[in-house]
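The structure appears below as structure tokens.
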Amino acid sequence: MEQRTILRLAGAATIVGSAIDIVAPFLIYPRLVEPQPHLVYVLIDLLLMIGMLGVWSASRRSASVLGLVGFVLGLLGVMLVRTASAKIFGEASYMIASSVWSIGMVLWAVDLLRAKVFRAPAALWIAALVIGLAGLALKDHGPIAHVAKMSFIVGFIVAGIDLIRTREQSA
């Protein structure tokens with residue numbers, strides 16, 4: 001399979017995973033009983049990880065050590081989020097896991113900005129952390145947290161679009 005086709009499929013997977021993440025609270029989760037929502041979470045995270053792998057594949061030649069560290073931390077964060085219910089880190093497991101994912105994405109995003117690739121998704125991932133930290137400082141766990149999550153997810157949507165548009169020579 002050609003590299004361009006693989007990147008396009010990764011982009012499509014990312015967009016589908018992001019779309020599911022956006023609509024699931026309204027259309028999917030209310031129709032499910034425990035533990036079924038966890039299957040949807042796994043599907044979303046799998047699709048987002050495929051997108052992350054696509055972005056890495058498309059940008060790896062211009063990546064620095066910082067980008068690699070951020071990418072690996074981002075993948076670790078996804079896995080920790082999915083296992084947070086095991087409370088590996090105690091009651092704060094989800095907070096720690098999502099922080100690892102966010103910090104990894106921001107480190108990677110800084111490197112993407114340095115390399116001048118995937119700029120819009122990188123900016124949205126950084127914005128998500130900044131907005132989330134502002135919400136934490138303001139002790140707002142509602143609207144501000146929602147805006148942070150939407151910035152994070154829209155970053156994945158834009159990354160998916162960028163992957164679909166990626167030209168083979170730039171991959």
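Ligands are numbered from 1 in the order shown, residues from 1 within each chain, and chains are lettered A, B, ... in the order they appear in the structure tokens.
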> Neighbours of Tyr41 in chain A within 10 Å (only C-alpha atoms; same-chain residues fewer than 2 positions away dropped), as a ChimeraX atom specification?
Replying inline: /A:17,20-21,24,36-39,43-47,81-82
Written file, previous selection with N, CA and C atoms, as a PDB file, in the first residue's frame:
ATOM      1  N   GLY A  17     -12.841   8.956  14.704  1.00  0.00           N
ATOM      2  CA  GLY A  17     -12.693   8.869  16.157  1.00  0.00           C
ATOM      3  C   GLY A  17     -13.073  10.158  16.854  1.00  0.00           C
ATOM      4  N   ILE A  20     -16.913  10.592  16.718  1.00  0.00           N
ATOM      5  CA  ILE A  20     -17.562   9.730  17.712  1.00  0.00           C
ATOM      6  C   ILE A  20     -17.423  10.350  19.099  1.00  0.00           C
ATOM      7  N   ASP A  21     -16.228  10.861  19.405  1.00  0.00           N
ATOM      8  CA  ASP A  21     -15.990  11.464  20.717  1.00  0.00           C
ATOM      9  C   ASP A  21     -16.903  12.668  20.951  1.00  0.00           C
ATOM     10  N   ALA A  24     -20.852  11.066  20.933  1.00  0.00           N
ATOM     11  CA  ALA A  24     -21.163   9.952  21.842  1.00  0.00           C
ATOM     12  C   ALA A  24     -21.910  10.366  23.111  1.00  0.00           C
ATOM     13  N   GLN A  36     -20.487  -1.243  28.533  1.00  0.00           N
ATOM     14  CA  GLN A  36     -20.489  -0.970  27.094  1.00  0.00           C
ATOM     15  C   GLN A  36     -19.848   0.361  26.691  1.00  0.00           C
ATOM     16  N   PRO A  37     -20.038   1.434  27.457  1.00  0.00           N
ATOM     17  CA  PRO A  37     -19.372   2.680  27.041  1.00  0.00           C
ATOM     18  C   PRO A  37     -17.851   2.542  26.925  1.00  0.00           C
ATOM     19  N   HIS A  38     -17.274   1.640  27.698  1.00  0.00           N
ATOM     20  CA  HIS A  38     -15.823   1.452  27.644  1.00  0.00           C
ATOM     21  C   HIS A  38     -15.373   0.945  26.281  1.00  0.00           C
ATOM     22  N   LEU A  39     -16.218   0.175  25.615  1.00  0.00           N
ATOM     23  CA  LEU A  39     -15.886  -0.281  24.262  1.00  0.00           C
ATOM     24  C   LEU A  39     -15.829   0.905  23.299  1.00  0.00           C
ATOM     25  N   LEU A  43     -12.566   2.288  21.191  1.00  0.00           N
ATOM     26  CA  LEU A  43     -12.637   2.562  19.754  1.00  0.00           C
ATOM     27  C   LEU A  43     -12.151   3.984  19.449  1.00  0.00           C
ATOM     28  N   ILE A  44     -12.638   4.953  20.211  1.00  0.00           N
ATOM     29  CA  ILE A  44     -12.217   6.349  20.007  1.00  0.00           C
ATOM     30  C   ILE A  44     -10.703   6.464  20.150  1.00  0.00           C
ATOM     31  N   ASP A  45     -10.169   5.913  21.231  1.00  0.00           N
ATOM     32  CA  ASP A  45      -8.737   6.047  21.481  1.00  0.00           C
ATOM     33  C   ASP A  45      -7.907   5.308  20.439  1.00  0.00           C
ATOM     34  N   LEU A  46      -8.383   4.164  19.971  1.00  0.00           N
ATOM     35  CA  LEU A  46      -7.689   3.440  18.913  1.00  0.00           C
ATOM     36  C   LEU A  46      -7.625   4.293  17.646  1.00  0.00           C
ATOM     37  N   LEU A  47      -8.748   4.886  17.271  1.00  0.00           N
ATOM     38  CA  LEU A  47      -8.787   5.721  16.068  1.00  0.00           C
ATOM     39  C   LEU A  47      -7.901   6.958  16.216  1.00  0.00           C
ATOM     40  N   VAL A  81      -4.843   6.607  30.140  1.00  0.00           N
ATOM     41  CA  VAL A  81      -6.240   7.043  30.244  1.00  0.00           C
ATOM     42  C   VAL A  81      -7.154   5.832  30.174  1.00  0.00           C
ATOM     43  N   ARG A  82      -6.880   4.934  29.252  1.00  0.00           N
ATOM     44  CA  ARG A  82      -7.745   3.766  29.070  1.00  0.00           C
ATOM     45  C   ARG A  82      -7.671   2.813  30.254  1.00  0.00           C
TER      46      ARG A  82
END
> Can you list, as a PyMOL selection string, every residue of range 111-162 of chain A that DSSP puts in alpha helix (DSSP H)?
Replying inline: chain A and resi 111-115+119-137+143-162
> With distances taken over only C-alpha atoms, which of A:Gly51, A:Pro143, A:Met105, A:Val100 is nearest to Leu76 in chain A?
Replying inline: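 Of A:Gly51, A:Pro143, A:Met105, A:Val100, the one nearest Leu76 in chain A, counting only C-alpha atoms, is A:Val100.
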> Between A:Leu48, A:Met150, A:Val69, A:Ile157, which one has atoms that come closest to Pro121 in chain A, using only C-alpha atoms?
Replying inline: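 Smallest separation from Pro121 in chain A among the options: A:Ile157.
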As an mmCIF file with N, CA, C and O atoms, in the first residue's frame, please: the residues near Val78 in chain A (cut-off 8 Å, only C-alpha atoms, same-chain neighbours under 6 positions excluded).
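Once written, out.cif looks like this:
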data_model
loop_
_atom_site.group_PDB
_atom_site.id
_atom_site.type_symbol
_atom_site.label_atom_id
_atom_site.label_comp_id
_atom_site.auth_asym_id
_atom_site.auth_seq_id
_atom_site.Cartn_x
_atom_site.Cartn_y
_atom_site.Cartn_z
ATOM 1 N N ASP A 45 -10.169 5.913 21.231
ATOM 2 C CA ASP A 45 -8.737 6.047 21.481
ATOM 3 C C ASP A 45 -7.907 5.308 20.439
ATOM 4 O O ASP A 45 -6.840 5.781 20.031
ATOM 5 N N MET A 49 -5.229 7.134 18.135
ATOM 6 C CA MET A 49 -3.845 6.652 18.081
ATOM 7 C C MET A 49 -3.413 6.381 16.645
ATOM 8 O O MET A 49 -2.264 6.642 16.287
ATOM 9 N N ALA A 97 -3.183 10.450 34.124
ATOM 10 C CA ALA A 97 -3.124 9.901 32.767
ATOM 11 C C ALA A 97 -3.434 10.953 31.716
ATOM 12 O O ALA A 97 -2.711 11.078 30.712
ATOM 13 N N SER A 98 -4.477 11.726 31.937
ATOM 14 C CA SER A 98 -4.830 12.754 30.950
ATOM 15 C C SER A 98 -3.770 13.859 30.914
ATOM 16 O O SER A 98 -3.528 14.445 29.857
ATOM 17 N N TRP A 101 -0.982 12.533 28.743
ATOM 18 C CA TRP A 101 -1.377 12.635 27.340
ATOM 19 C C TRP A 101 -1.251 14.081 26.857
ATOM 20 O O TRP A 101 -0.657 14.352 25.816
#
Can you write out as a Markdown table which residues of range 60-158 of chain A fall within 12 Å of range 10-15 of chain A, alongside each residue's closest atom pair and its distance in Å to one decimal, counting only C-alpha atoms and ordering rows by chain and ascending residue number?
| residue | atom | partner | partner_atom | distance |
| --- | --- | --- | --- | --- |
| A:Ile153 | CA | A:Ile15 | CA | 9.2 |
| A:Val154 | CA | A:Ile15 | CA | 9.1 |
| A:Gly155 | CA | A:Ile15 | CA | 10.0 |
| A:Phe156 | CA | A:Thr14 | CA | 6.3 |
| A:Ile157 | CA | A:Ile15 | CA | 5.0 |
| A:Val158 | CA | A:Ile15 | CA | 8.1 |
Output for the residues just chosen: C-alpha atoms as a compact mmCIF listing (two decimals), in the first residue's frame:
# COMPACT_ATOMS: atom_id res chain seq x y z
CA ILE A 153 -10.49 17.05 19.64
CA VAL A 154 -10.64 19.73 16.93
CA GLY A 155 -6.83 19.46 16.83
CA PHE A 156 -7.26 15.81 15.92
CA ILE A 157 -9.89 16.65 13.28
CA VAL A 158 -7.56 19.20 11.68
>> For a test of reading the model, state the distance in Å between CA of Val16 in chain A and CA of Lys116 in chain A, rounded to one decimal.
In response: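 Here the two named atoms are 25.5 Å from each other.
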>> When you look at Thr166 in chain A with a cut-off of 10 Å (counting only C-alpha atoms), what residues show up, excluding the ones that are within fewer than 4 positions of it in the same chain? I need them as number ranges by chain.
In response: A: 3-5, 7-8, 11, 55, 58, 160-162, 170-171
>> Report as a PyMOL selection string all protein, DNA and RNA residues lying within 12 Å of Arg60 in chain A, evaluated on only C-alpha atoms, omitting residues in the same chain fewer than 6 positions from it.
In response: chain A and resi 52-54+66-68+71+108+111-112+115+117-118+170-171
